[in-house]
Amino acid sequence: MDNSKAVFVGAVFVALALFPWLGAGSYGIDLVTKIMIYAILALSLELLVGSTGLVCFGQAAFFGIGAYAAVLLSGEEDAASVLWLLPACVLAAALYALAVGALSLRTKGVYFIMVTLAFAQMAYFVVHDTALGGGTDGIYLYFRPGLGEWLVLDDPVTMYLFSLACLIGVFAFLAVLLRSRFGRALAGIKVNEQRMRGTGFTTYPYKLAAFTISGGLAGLGGFLFAVKDGFVNPELMSWHLSGAALVMIILGGLGHLRGALVGAFAFLLLQELFKTEAIFGDFAKHWHLGLGIVIIAAVAFLPRGLVGLPEQLRKRLAGVGAGERGGSLKNPLGEAKS
Amino acid sequence: MDLTTFLIQCLNALQYGLLLFLVASGLTLIFGIMGVINLAHGSFYMIGAYMAYALAPAIESSLGGGFFSVLLVGLVLSVVIGYVLEWAFYSYLYDRDHLQQVLMTYGLILVFEELRSLLVGDDVYGVQIPEILAGSVPLSEVMTYPVYRLFVSALCIALVAGMFYVFARTRLGMMIRAGASNREMVQSLGIDINFLYRVVFAAGFALAAFAGMVAAPVSSVYPGMGNEVLIICFVVVVIGGIGSIQGALVAALLIGFVDTFGKVIVPDAAGVMVYLAMAVILLWKPDGLFKAG
């Protein structure tokens with residue numbers, strides 16, 4: 001990350017930290033908390049799709065497992081401590097990711113996409129059809145976890161700041177991880193796995209580690225979601241959420257951590273915009289239409305995602321023409337075709 | 001389970017599997033030949049089903065002939081819509097990477113769903129079974145089987161036979177098979193690949209829409225019906241091996257039987273069975289049952 005990008009990310013986090021004191025109403029606090037939680041999900045997926053070239057279509061399962069773990073593990077009598085509940089939720093999601101990854105990494109390309117979807121659907125039907133997760137109705141969280149008087153997550157602003165701290169933590173963790181030798185190996189796998197093997201890397205453990213870490217981070221997002229809403233239902237694991245997370249990172253721009261951040265904000269703010277009755281009146285209930293058209297336009301005009309926009313504009317202004325196609329991720333599924 | 005129940009379930013599974021094949025065959029061809037991951041394929045099925053519902057009154061008053069003229073008009077319309085869609089949207093996706101395709105076709109799903117909601121509304125509608133086919137066949141003293149479902153199976157079998165004929169015996173089929181196994185080579189042999197793409201896409205759209213139209217009287221039409229079908233069809237496509245028509249047929253029938261009997265034998269875990277089958281098959285054969293090319 002060069003300086004201007006670091007400044008951009010820093011400015012975003014500072015703005016987010018000041019937001020509750022800049023006249024944000026309870027609606028704003030709630031919305032941005034939600035967006036930040038989804039941004040954590042998007043970041044976890046970015047580690048797989050953008051950084052390793054593994055397109056996972058089942059990220060919602062890890063998110064959902066984190067959320068269900070938060071509700072199922074916290075007691076009905078008093079509030080659980082964040083200190084053990086949060087790691088437990090992350091661990092639960094990471095363990096499931098380890099099992100899923102160990103099996104599904106045997107396949108490649110589109111087959112990998114579908115196997116991860118299959119495992120996510122299995123998790124979905126387990127909570128949907130069995131008594132374990134309260135069936136289709138979902139379950140309520142009796143007490144929000146906290147940490148005595150130090151951390152009362154019932155308070156929306158505290159919840160907001162706690163989510164922001166988690167988001168910054170995840171972002172920093174991934175930024176460091178991707179600069180490490182491990183992260184470089186993942187980048188190598190994304191570009192050319194065959195060559196990485198040729199240079200003496202056993203790629204499977206690297207991919208499995210990335211998959212497990214990604215699952216754990218998604219689980220953290222799920223934990224926050226359950227605590228924020230105090231409620232979980234099977235929709236958290238549905239493929240729609242996995243798809244939405246993919247859309248967020250592609251919209252933002254693959255191969256950049258800040259792309260996941262920008263994509264999550266853009267996607268959810270657009271959704272919120274098209275739902276606003278003050279602007280669209282009766283048409284607001286057809287908000288999917290506007291969102292769909294924006295997404296199609298984004299594909300047509302922003303081949304590198306939103307983070308590629310400044311460069312695209314610079315080129316256009318310099319008269320070079322931004323017609324160059326293909327994002328930084330050139331055909332990640334190339335090996336699927338024979 | 002006695003023999004009659006078993007037979008009925010077999011017929012149900014066959015009919016479901018054949019319908020799945022009609023949708024999945026287009027999906028697998030569009031992926032195999034054009035390399036496009038088409039998430040909106042389920043919407044094509046949904047559009048077909050809603051055409052069967054929405055066109056019926058207009059066609060009844062102008063043409064007469066009931067359900068069969070609806071099918072015919074719907075089929076012609078869907079070929080036209082498929083052709084236009086390819087021209088307007090999908091032809092821009094061929095040299096993009098797969099994730100861009102996922103993004104755009106996801107956008108199309110949203111647009112199609114909302115257009116459906118604007119034009120027809122969000123209620124569940126039934127579609128009438130044509131009168132000639134409304135009866136049922138007695139199988140034992142108490143059990144009967146609806147004629148319409150048999151008709152659907154027969155129609156699908158006829159279509160499948162026709163498709164395999166076109167595929168195996170005609171020049172067009174030869175070009176399609178060649179396109180699925182090596183696109184560049186076909187292009188360099190001087191075959192108009194853009195035309196081939198457009199034909200395959202229109203045919204894929206029409207097959208999915210047709211499946212929707214014949215399924216509408218059995219399943220009724222409801223919001224979100226396309227998404228359900230989409231995911232199952234992707235399962236079929238990858239189990240069968242991407243780009244393989246035979247694979248899609250075998251996989252569709254397999255999924256039809258697994259789903260139908262899963263619901264009878266283990267009703268509590270019915271939803272999981274299909275995905276379990278898929279995971280097992282892909283772990284056993286990571287490239288699907290019939291790898292094309």
# chains A, B, ... in the order shown; residues from 1 in each chain; ligands from 1

call {"tool": "select_by_dssp", "arguments": {"residues": "range 113-227 of chain B", "states": "alpha helix (DSSP H)", "output": "mmCIF file with C-alpha atoms, in the first residue's frame"}}
result
data_model
loop_
_atom_site.group_PDB
_atom_site.id
_atom_site.type_symbol
_atom_site.label_atom_id
_atom_site.label_comp_id
_atom_site.auth_asym_id
_atom_site.auth_seq_id
_atom_site.Cartn_x
_atom_site.Cartn_y
_atom_site.Cartn_z
ATOM 1 C CA GLU B 113 -37.351 -10.176 -10.433
ATOM 2 C CA GLU B 114 -38.423 -6.560 -10.038
ATOM 3 C CA LEU B 115 -39.828 -6.314 -13.553
ATOM 4 C CA ARG B 116 -41.841 -9.407 -12.737
ATOM 5 C CA SER B 117 -43.018 -7.763 -9.531
ATOM 6 C CA LEU B 118 -43.957 -4.551 -11.403
ATOM 7 C CA LEU B 119 -45.756 -6.297 -14.254
ATOM 8 C CA VAL B 147 -52.288 -37.291 -16.768
ATOM 9 C CA TYR B 148 -50.680 -33.877 -17.002
ATOM 10 C CA ARG B 149 -47.529 -35.045 -15.252
ATOM 11 C CA LEU B 150 -47.252 -37.958 -17.653
ATOM 12 C CA PHE B 151 -47.729 -35.509 -20.493
ATOM 13 C CA VAL B 152 -44.912 -33.323 -19.155
ATOM 14 C CA SER B 153 -42.583 -36.312 -18.944
ATOM 15 C CA ALA B 154 -43.483 -37.433 -22.453
ATOM 16 C CA LEU B 155 -42.996 -33.937 -23.837
ATOM 17 C CA CYS B 156 -39.627 -33.650 -22.143
ATOM 18 C CA ILE B 157 -38.522 -37.051 -23.453
ATOM 19 C CA ALA B 158 -39.494 -35.977 -26.964
ATOM 20 C CA LEU B 159 -37.517 -32.757 -26.559
ATOM 21 C CA VAL B 160 -34.519 -34.582 -25.168
ATOM 22 C CA ALA B 161 -34.601 -37.005 -28.100
ATOM 23 C CA GLY B 162 -34.837 -34.091 -30.536
ATOM 24 C CA MET B 163 -31.981 -32.334 -28.827
ATOM 25 C CA PHE B 164 -29.733 -35.359 -28.955
ATOM 26 C CA TYR B 165 -30.614 -35.771 -32.611
ATOM 27 C CA VAL B 166 -29.628 -32.186 -33.400
ATOM 28 C CA PHE B 167 -26.532 -32.631 -31.325
ATOM 29 C CA ALA B 168 -25.282 -35.892 -32.727
ATOM 30 C CA ARG B 169 -26.537 -35.857 -36.312
ATOM 31 C CA ARG B 171 -24.056 -29.857 -38.813
ATOM 32 C CA LEU B 172 -25.203 -27.335 -36.215
ATOM 33 C CA GLY B 173 -24.810 -29.935 -33.490
ATOM 34 C CA MET B 174 -21.356 -30.714 -34.715
ATOM 35 C CA MET B 175 -20.392 -27.059 -34.513
ATOM 36 C CA ILE B 176 -21.808 -26.811 -31.004
ATOM 37 C CA ARG B 177 -19.904 -29.881 -29.844
ATOM 38 C CA ALA B 178 -16.755 -28.543 -31.424
ATOM 39 C CA GLY B 179 -17.330 -25.168 -29.784
ATOM 40 C CA ALA B 180 -17.660 -26.810 -26.378
ATOM 41 C CA SER B 181 -14.362 -28.628 -26.651
ATOM 42 C CA ARG B 183 -13.534 -22.580 -29.076
ATOM 43 C CA GLU B 184 -10.438 -21.109 -30.737
ATOM 44 C CA MET B 185 -10.113 -23.990 -33.169
ATOM 45 C CA VAL B 186 -13.739 -23.639 -34.274
ATOM 46 C CA GLN B 187 -13.192 -19.951 -34.816
ATOM 47 C CA SER B 188 -10.071 -20.500 -36.864
ATOM 48 C CA ILE B 193 -18.805 -18.053 -33.828
ATOM 49 C CA ASN B 194 -20.974 -15.034 -33.022
ATOM 50 C CA PHE B 195 -23.903 -16.578 -34.835
ATOM 51 C CA LEU B 196 -23.296 -19.907 -33.093
ATOM 52 C CA TYR B 197 -23.269 -18.139 -29.734
ATOM 53 C CA ARG B 198 -26.505 -16.356 -30.468
ATOM 54 C CA VAL B 199 -28.237 -19.554 -31.550
ATOM 55 C CA VAL B 200 -27.040 -21.496 -28.531
ATOM 56 C CA PHE B 201 -28.049 -18.708 -26.178
ATOM 57 C CA ALA B 202 -31.501 -18.325 -27.705
ATOM 58 C CA ALA B 203 -31.989 -22.088 -27.566
ATOM 59 C CA GLY B 204 -30.819 -22.193 -23.950
ATOM 60 C CA PHE B 205 -33.221 -19.410 -23.029
ATOM 61 C CA ALA B 206 -36.083 -21.090 -24.871
ATOM 62 C CA LEU B 207 -35.461 -24.463 -23.190
ATOM 63 C CA ALA B 208 -35.413 -22.900 -19.723
ATOM 64 C CA ALA B 209 -38.523 -20.834 -20.465
ATOM 65 C CA PHE B 210 -40.263 -23.861 -21.927
ATOM 66 C CA ALA B 211 -39.494 -25.856 -18.779
ATOM 67 C CA GLY B 212 -41.018 -23.008 -16.793
ATOM 68 C CA MET B 213 -44.131 -22.959 -18.972
ATOM 69 C CA VAL B 214 -44.875 -26.677 -18.684
ATOM 70 C CA ALA B 215 -44.018 -26.704 -14.985
ATOM 71 C CA ALA B 216 -46.316 -23.764 -14.196
ATOM 72 C CA PRO B 217 -49.580 -25.778 -13.957
ATOM 73 C CA VAL B 218 -47.920 -28.255 -11.567
ATOM 74 C CA SER B 219 -45.930 -25.895 -9.371
ATOM 75 C CA MET B 225 -39.079 -19.627 -8.165
ATOM 76 C CA GLY B 226 -36.180 -18.910 -10.504
ATOM 77 C CA ASN B 227 -33.601 -18.780 -7.736
#

call {"tool": "residues_around", "arguments": {"residues": "Thr260 in chain B", "least_positions_apart": "2", "cutoff": "8 Å", "atoms": "only C-alpha atoms", "output": "list of chain:residue names"}}
result
B:Gln9, B:Asn12, B:Ala13, B:Gly256, B:Phe257, B:Val258, B:Gly262, B:Lys263, B:Val264

call {"tool": "write_last_selection", "arguments": {"atoms": "N, CA and C atoms", "output": "CSV table (one decimal), in the first residue's frame"}}
result
chain,number,residue,atom,x,y,z
B,9,GLN,N,-43.5,-42.4,-7.1
B,9,GLN,CA,-42.4,-41.6,-6.8
B,9,GLN,C,-41.4,-41.7,-7.9
B,12,ASN,N,-42.6,-39.3,-10.5
B,12,ASN,CA,-42.4,-37.9,-10.1
B,12,ASN,C,-40.9,-37.5,-10.3
B,13,ALA,N,-40.0,-38.5,-9.9
B,13,ALA,CA,-38.6,-38.2,-10.0
B,13,ALA,C,-38.2,-38.0,-11.4
B,256,GLY,N,-33.0,-35.7,-9.7
B,256,GLY,CA,-34.5,-35.9,-9.6
B,256,GLY,C,-34.8,-37.0,-8.6
B,257,PHE,N,-34.1,-38.1,-8.8
B,257,PHE,CA,-34.4,-39.3,-7.9
B,257,PHE,C,-33.9,-39.1,-6.5
B,258,VAL,N,-32.7,-38.5,-6.3
B,258,VAL,CA,-32.2,-38.2,-5.0
B,258,VAL,C,-33.1,-37.3,-4.2
B,262,GLY,N,-35.3,-38.7,-1.4
B,262,GLY,CA,-34.9,-38.1,-0.1
B,262,GLY,C,-36.1,-37.6,0.7
B,263,LYS,N,-37.0,-36.9,0.0
B,263,LYS,CA,-38.2,-36.4,0.7
B,263,LYS,C,-39.0,-37.5,1.3
B,264,VAL,N,-39.1,-38.6,0.6
B,264,VAL,CA,-39.9,-39.7,1.2
B,264,VAL,C,-39.2,-40.5,2.3

call {"tool": "atom_distance", "arguments": {"atom1": "CA of Thr144 in chain B", "atom2": "CA of Tyr50 in chain B"}}
result
28.5 Å

call {"tool": "residues_around", "arguments": {"residues": "range 89-105 of chain B", "least_positions_apart": "2", "cutoff": "7 Å", "atoms": "only C-alpha atoms", "output": "number ranges by chain"}}
result
A: 247, 295-296, 299, 326, 330-331; B: 34-40, 85-87, 107-109

call {"tool": "select_by_dssp", "arguments": {"residues": "range 129-292 of chain A", "states": "strand (DSSP E or B)", "output": "PyMOL selection string"}}
result
chain A and resi 139-140+146-147+149+151+231-232

call {"tool": "closest_residue", "arguments": {"among": "B:Cys10, B:Ala54, B:Leu19, B:Val235", "to": "Ala279 in chain B", "atoms": "only C-alpha atoms"}}
result
B:Val235

call {"tool": "closest_residue", "arguments": {"among": "A:Ala210, A:Val307, A:Val127, A:Ala60", "to": "chain B", "atoms": "only C-alpha atoms"}}
result
A:Val127

call {"tool": "residues_around", "arguments": {"residues": "Ala39 in chain A", "least_positions_apart": "3", "cutoff": "8 Å", "atoms": "only C-alpha atoms", "output": "number ranges by chain"}}
result
A: 35-36, 42-43, 167, 260-261, 264-265

call {"tool": "write_last_selection", "arguments": {"atoms": "C-alpha atoms", "output": "PDB file, in the first residue's frame"}}
result
ATOM      1  CA  ILE A  35     -22.313  -1.902   7.031  1.00  0.00           C
ATOM      2  CA  MET A  36     -19.135  -2.329   9.059  1.00  0.00           C
ATOM      3  CA  ALA A  42     -16.381  -8.847   2.616  1.00  0.00           C
ATOM      4  CA  LEU A  43     -12.798  -8.555   3.884  1.00  0.00           C
ATOM      5  CA  LEU A 167     -13.175  -3.883  11.501  1.00  0.00           C
ATOM      6  CA  ALA A 260     -13.793  -4.858   0.076  1.00  0.00           C
ATOM      7  CA  LEU A 261     -14.297  -1.878   2.364  1.00  0.00           C
ATOM      8  CA  ALA A 264     -19.439  -3.074   1.238  1.00  0.00           C
ATOM      9  CA  PHE A 265     -20.218   0.596   1.802  1.00  0.00           C
TER      10      PHE A 265
END

call {"tool": "residues_around", "arguments": {"residues": "Ser26 in chain A", "least_positions_apart": "3", "cutoff": "8 Å", "atoms": "only C-alpha atoms", "output": "PyMOL selection string"}}
result
chain A and resi 29-30+156

call {"tool": "residues_around", "arguments": {"residues": "Gly215 in chain A", "least_positions_apart": "3", "cutoff": "6 Å", "atoms": "only C-alpha atoms", "output": "list in words"}}
result
Phe62, Ala93, Ala94, Ala97, Thr212 and Ala218 of chain A

call {"tool": "write_last_selection", "arguments": {"atoms": "C-alpha atoms", "output": "PDB file, in the first residue's frame"}}
result
ATOM      1  CA  PHE A  62     -19.139 -19.190   8.250  1.00  0.00           C
ATOM      2  CA  ALA A  93     -16.486 -20.903  12.217  1.00  0.00           C
ATOM      3  CA  ALA A  94     -12.796 -21.571  11.619  1.00  0.00           C
ATOM      4  CA  ALA A  97     -13.974 -23.808   7.446  1.00  0.00           C
ATOM      5  CA  THR A 212      -9.581 -21.406   7.659  1.00  0.00           C
ATOM      6  CA  ALA A 218     -16.368 -14.321   8.675  1.00  0.00           C
TER       7      ALA A 218
END

call {"tool": "residues_around", "arguments": {"residues": "Ala244 in chain A", "least_positions_apart": "2", "cutoff": "12 Å", "atoms": "only C-alpha atoms", "output": "VMD selection string"}}
result
(chain A and resid 38 to 39 41 to 42 45 57 to 60 236 to 242 246 to 251 260 263 to 264 266 to 268 271 291 to 292 295) or (chain B and resid 102 to 103 106 to 107 110)

call {"tool": "write_last_selection", "arguments": {"atoms": "N, CA and C atoms", "output": "mmCIF file, in the first residue's frame"}}
result
data_model
loop_
_atom_site.group_PDB
_atom_site.id
_atom_site.type_symbol
_atom_site.label_atom_id
_atom_site.label_comp_id
_atom_site.auth_asym_id
_atom_site.auth_seq_id
_atom_site.Cartn_x
_atom_site.Cartn_y
_atom_site.Cartn_z
ATOM 1 N N TYR A 38 -20.844 -6.106 7.693
ATOM 2 C CA TYR A 38 -20.761 -6.725 6.368
ATOM 3 C C TYR A 38 -19.397 -6.484 5.740
ATOM 4 N N ALA A 39 -18.772 -5.351 6.089
ATOM 5 C CA ALA A 39 -17.436 -5.091 5.544
ATOM 6 C C ALA A 39 -16.445 -6.130 6.058
ATOM 7 N N LEU A 41 -17.240 -9.234 6.740
ATOM 8 C CA LEU A 41 -17.525 -10.408 5.899
ATOM 9 C C LEU A 41 -16.851 -10.254 4.534
ATOM 10 N N ALA A 42 -16.970 -9.071 3.939
ATOM 11 C CA ALA A 42 -16.381 -8.847 2.616
ATOM 12 C C ALA A 42 -14.861 -8.973 2.671
ATOM 13 N N LEU A 45 -13.795 -12.533 2.727
ATOM 14 C CA LEU A 45 -13.916 -13.161 1.406
ATOM 15 C C LEU A 45 -12.822 -12.659 0.470
ATOM 16 N N PHE A 57 -18.171 -19.598 -2.743
ATOM 17 C CA PHE A 57 -19.577 -19.191 -2.835
ATOM 18 C C PHE A 57 -20.339 -19.668 -1.605
ATOM 19 N N GLY A 58 -19.630 -19.807 -0.480
ATOM 20 C CA GLY A 58 -20.320 -20.285 0.716
ATOM 21 C C GLY A 58 -19.912 -19.520 1.941
ATOM 22 N N GLN A 59 -19.487 -18.284 1.747
ATOM 23 C CA GLN A 59 -18.966 -17.508 2.863
ATOM 24 C C GLN A 59 -20.035 -17.267 3.933
ATOM 25 N N ALA A 60 -21.296 -17.199 3.506
ATOM 26 C CA ALA A 60 -22.373 -16.934 4.458
ATOM 27 C C ALA A 60 -22.452 -18.021 5.519
ATOM 28 N N LEU A 236 -29.249 -15.977 7.397
ATOM 29 C CA LEU A 236 -27.855 -15.566 7.513
ATOM 30 C C LEU A 236 -26.926 -16.503 6.757
ATOM 31 N N MET A 237 -27.383 -17.741 6.527
ATOM 32 C CA MET A 237 -26.518 -18.709 5.852
ATOM 33 C C MET A 237 -26.924 -18.925 4.406
ATOM 34 N N SER A 238 -27.928 -18.199 3.927
ATOM 35 C CA SER A 238 -28.443 -18.498 2.593
ATOM 36 C C SER A 238 -27.444 -18.058 1.530
ATOM 37 N N TRP A 239 -27.554 -18.642 0.356
ATOM 38 C CA TRP A 239 -26.597 -18.331 -0.708
ATOM 39 C C TRP A 239 -26.753 -16.899 -1.179
ATOM 40 N N HIS A 240 -27.900 -16.259 -0.870
ATOM 41 C CA HIS A 240 -28.059 -14.863 -1.266
ATOM 42 C C HIS A 240 -27.010 -13.981 -0.596
ATOM 43 N N LEU A 241 -26.730 -14.297 0.682
ATOM 44 C CA LEU A 241 -25.736 -13.493 1.397
ATOM 45 C C LEU A 241 -24.339 -13.771 0.851
ATOM 46 N N SER A 242 -24.059 -15.053 0.551
ATOM 47 C CA SER A 242 -22.762 -15.380 -0.056
ATOM 48 C C SER A 242 -22.603 -14.619 -1.365
ATOM 49 N N LEU A 246 -19.906 -11.576 -2.459
ATOM 50 C CA LEU A 246 -19.093 -11.594 -3.678
ATOM 51 C C LEU A 246 -19.299 -10.307 -4.477
ATOM 52 N N VAL A 247 -20.561 -9.905 -4.591
ATOM 53 C CA VAL A 247 -20.863 -8.685 -5.348
ATOM 54 C C VAL A 247 -20.166 -7.485 -4.728
ATOM 55 N N MET A 248 -20.167 -7.442 -3.391
ATOM 56 C CA MET A 248 -19.507 -6.310 -2.713
ATOM 57 C C MET A 248 -18.040 -6.216 -3.114
ATOM 58 N N ILE A 249 -17.315 -7.347 -3.044
ATOM 59 C CA ILE A 249 -15.870 -7.233 -3.298
ATOM 60 C C ILE A 249 -15.583 -7.013 -4.778
ATOM 61 N N ILE A 250 -16.424 -7.554 -5.661
ATOM 62 C CA ILE A 250 -16.182 -7.314 -7.090
ATOM 63 C C ILE A 250 -16.483 -5.863 -7.421
ATOM 64 N N LEU A 251 -17.578 -5.361 -6.842
ATOM 65 C CA LEU A 251 -17.965 -3.967 -7.066
ATOM 66 C C LEU A 251 -16.872 -3.033 -6.565
ATOM 67 N N ALA A 260 -12.728 -4.203 -0.706
ATOM 68 C CA ALA A 260 -13.793 -4.858 0.076
ATOM 69 C C ALA A 260 -14.523 -3.829 0.932
ATOM 70 N N GLY A 263 -16.485 -1.529 -1.397
ATOM 71 C CA GLY A 263 -17.584 -2.282 -1.988
ATOM 72 C C GLY A 263 -18.727 -2.498 -1.009
ATOM 73 N N ALA A 264 -18.388 -2.842 0.246
ATOM 74 C CA ALA A 264 -19.439 -3.074 1.238
ATOM 75 C C ALA A 264 -20.238 -1.792 1.461
ATOM 76 N N ALA A 266 -20.471 0.826 -0.606
ATOM 77 C CA ALA A 266 -21.208 1.213 -1.806
ATOM 78 C C ALA A 266 -22.468 0.365 -1.963
ATOM 79 N N PHE A 267 -22.318 -0.962 -1.794
ATOM 80 C CA PHE A 267 -23.440 -1.879 -2.002
ATOM 81 C C PHE A 267 -24.580 -1.580 -1.029
ATOM 82 N N LEU A 268 -24.236 -1.464 0.257
ATOM 83 C CA LEU A 268 -25.304 -1.301 1.244
ATOM 84 C C LEU A 268 -25.891 0.103 1.237
ATOM 85 N N GLN A 271 -28.243 0.211 -1.679
ATOM 86 C CA GLN A 271 -29.453 -0.500 -1.285
ATOM 87 C C GLN A 271 -30.346 0.393 -0.438
ATOM 88 N N LEU A 291 -30.926 -1.155 -7.907
ATOM 89 C CA LEU A 291 -29.665 -1.782 -7.527
ATOM 90 C C LEU A 291 -29.136 -2.636 -8.676
ATOM 91 N N GLY A 292 -30.025 -3.399 -9.287
ATOM 92 C CA GLY A 292 -29.625 -4.253 -10.404
ATOM 93 C C GLY A 292 -29.053 -3.440 -11.548
ATOM 94 N N ILE A 295 -25.626 -2.193 -10.732
ATOM 95 C CA ILE A 295 -24.627 -3.262 -10.798
ATOM 96 C C ILE A 295 -24.252 -3.541 -12.255
ATOM 97 N N VAL B 102 -20.382 -12.962 -13.166
ATOM 98 C CA VAL B 102 -21.212 -13.223 -11.992
ATOM 99 C C VAL B 102 -21.910 -11.937 -11.562
ATOM 100 N N LEU B 103 -21.129 -10.852 -11.544
ATOM 101 C CA LEU B 103 -21.680 -9.574 -11.097
ATOM 102 C C LEU B 103 -22.813 -9.112 -12.016
ATOM 103 N N TYR B 106 -25.883 -11.343 -11.835
ATOM 104 C CA TYR B 106 -26.557 -11.099 -10.559
ATOM 105 C C TYR B 106 -27.439 -9.848 -10.675
ATOM 106 N N GLY B 107 -26.883 -8.825 -11.313
ATOM 107 C CA GLY B 107 -27.674 -7.608 -11.548
ATOM 108 C C GLY B 107 -28.908 -7.909 -12.372
ATOM 109 N N LEU B 110 -31.756 -9.380 -10.339
ATOM 110 C CA LEU B 110 -32.505 -8.359 -9.596
ATOM 111 C C LEU B 110 -33.476 -7.636 -10.517
#

call {"tool": "atom_distance", "arguments": {"atom1": "CA of Glu131 in chain B", "atom2": "CA of Leu11 in chain B"}}
result
21.3 Å

call {"tool": "closest_residue", "arguments": {"among": "B:Val238, B:Leu254, B:Ile265, B:Leu14", "to": "chain A", "atoms": "only C-alpha atoms"}}
result
B:Val238

call {"tool": "atom_distance", "arguments": {"atom1": "CA of Leu85 in chain A", "atom2": "CA of Leu18 in chain A"}}
result
27.9 Å
